[in-house]
Amino acid sequence: MTATVAHGVAYVVLGVGVAVTLMSCLGVLVMPNVFDRLHYTAPASTVGAFAIVLAIVLREGLSAAGVKSLLVFVLLLITNPVLSHATARAARIRQFGHWVALRAERVEEWEADT
Amino acid sequence: MNGWLLGALALVIGLVPCGVVCSRGNPMDRLVGLEMAGTVNTLILLTLAEGYHQAIFFDLAIVLALLTFAGGLVFARFLERWL
């Protein structure tokens with residue numbers, strides 16, 4: 001009985017995770033520039049990954065599969081902010097020549113260009 | 001066909017917007033699409049491993065998460081000035 005309830009909850013949590021990931025894919029598609037797009041990579045690797053990993057742990061318990069999926073979640077949680085920062089920094093260097101904030105950033109002109 | 005494989009199939013549909021972003025716009029936009037596709041691919045491998053009940057398949061997701069990170073950093077570094 002308890003196992004059946006846990007399996008049902010796991011499917012619900014899996015559905016939530018898949019829905020969050022699909023929504024953030026759509027967000028990456030519809031946003032106008034790099035910095036807005038980067039915001040939408042975060043929900044997939046935090047909320048979406050957490051929900052999917054939680055569903056797997058609910059199903060498997062802390063077996064080898066559960067521990068490995070928790071490891072994947074921790075890896076995504078650590079690497080995604082680093083990758084977002086590196087990408088935004090590279091985008092600023094392409095735009096301005098360096099990444100430090102300028103007094104007169106012409107963001108509107110740059111957005112009109114791209 | 002169980003619920004996990006259906007979830008993996010739904011996540012594969014999520015790769016389509018990432019592919020569209022990768023195939024148009026300026027290089028930085030395409031890089032963001034690539035990183036997003038890497039995250040979605042990791043989640044697809046997780047759900048497929050659970051769907052097929054093979055504990056060894058979870059190693060693929062770990063490897064893909066690490067390689068997406070390394071590849072994204074290399075692309076970001078080279079797209080700063082040289083590409």
# chains A, B, ... in the order shown; residues from 1 in each chain; ligands from 1

$ closest_atom_pairs --of "chain B" --to "chain A" --cutoff "8 Å" --atoms "only C-alpha atoms" --output "CSV"
residue,atom,partner,partner_atom,distance
B:Gly3,CA,A:Tyr11,CA,7.1
B:Trp4,CA,A:Leu14,CA,7.9
B:Gly7,CA,A:Val18,CA,6.5
B:Ala10,CA,A:Val18,CA,7.1
B:Leu11,CA,A:Val18,CA,6.3
B:Ile13,CA,A:Leu22,CA,8.0
B:Gly14,CA,A:Leu22,CA,5.2
B:Leu15,CA,A:Cys25,CA,7.5
B:Pro17,CA,A:Leu29,CA,5.6
B:Cys18,CA,A:Cys25,CA,6.4
B:Val20,CA,A:Leu29,CA,7.4
B:Val21,CA,A:Leu29,CA,5.9
B:Gly25,CA,A:Thr114,CA,7.7
B:Asn26,CA,A:Thr114,CA,7.2
B:Met28,CA,A:Ala91,CA,6.3
B:Asp29,CA,A:Val34,CA,5.2
B:Leu31,CA,A:Thr87,CA,7.9
B:Val32,CA,A:Leu38,CA,6.4
B:Gly33,CA,A:Val28,CA,7.1
B:Glu35,CA,A:Thr41,CA,7.7
B:Met36,CA,A:Thr41,CA,5.7
B:Thr39,CA,A:Ser45,CA,6.4
B:Val40,CA,A:Thr21,CA,7.3
B:Leu43,CA,A:Ala49,CA,6.7
B:Leu46,CA,A:Ser69,CA,7.0
B:Thr47,CA,A:Ile52,CA,7.6
B:Glu50,CA,A:Ile56,CA,6.9
B:Ala55,CA,A:Ala65,CA,5.0
B:Ile56,CA,A:Ala65,CA,7.8
B:Phe58,CA,A:Lys68,CA,6.2
B:Asp59,CA,A:Lys68,CA,7.2
B:Ala61,CA,A:Val72,CA,6.8
B:Ile62,CA,A:Val72,CA,5.3
B:Ala65,CA,A:Leu76,CA,6.6
B:Leu66,CA,A:Leu75,CA,7.4
B:Phe69,CA,A:Thr79,CA,6.2
B:Gly72,CA,A:Leu83,CA,6.6
B:Leu73,CA,A:Leu83,CA,6.4
B:Ala76,CA,A:Thr87,CA,5.4
B:Arg77,CA,A:Ala90,CA,6.7
B:Leu79,CA,A:Ala90,CA,6.6
B:Glu80,CA,A:Ala90,CA,4.6
B:Arg81,CA,A:Arg94,CA,6.2

$ closest_residue --among "B:Phe57, B:Ala49, B:Asn41, B:Leu34" --to "Gly71 of chain B" --atoms "only C-alpha atoms"
B:Leu34

$ atom_distance --atom1 "atom CA of Thr46 of chain A" --atom2 "atom CA of Val74 of chain A"
9.3 Å

$ select_by_dssp --residues "chain A" --states "helix (DSSP H, G or I)" --output "MDAnalysis selection string"
chainID A and resid 2:30 34:39 41:60 64:96 107:113
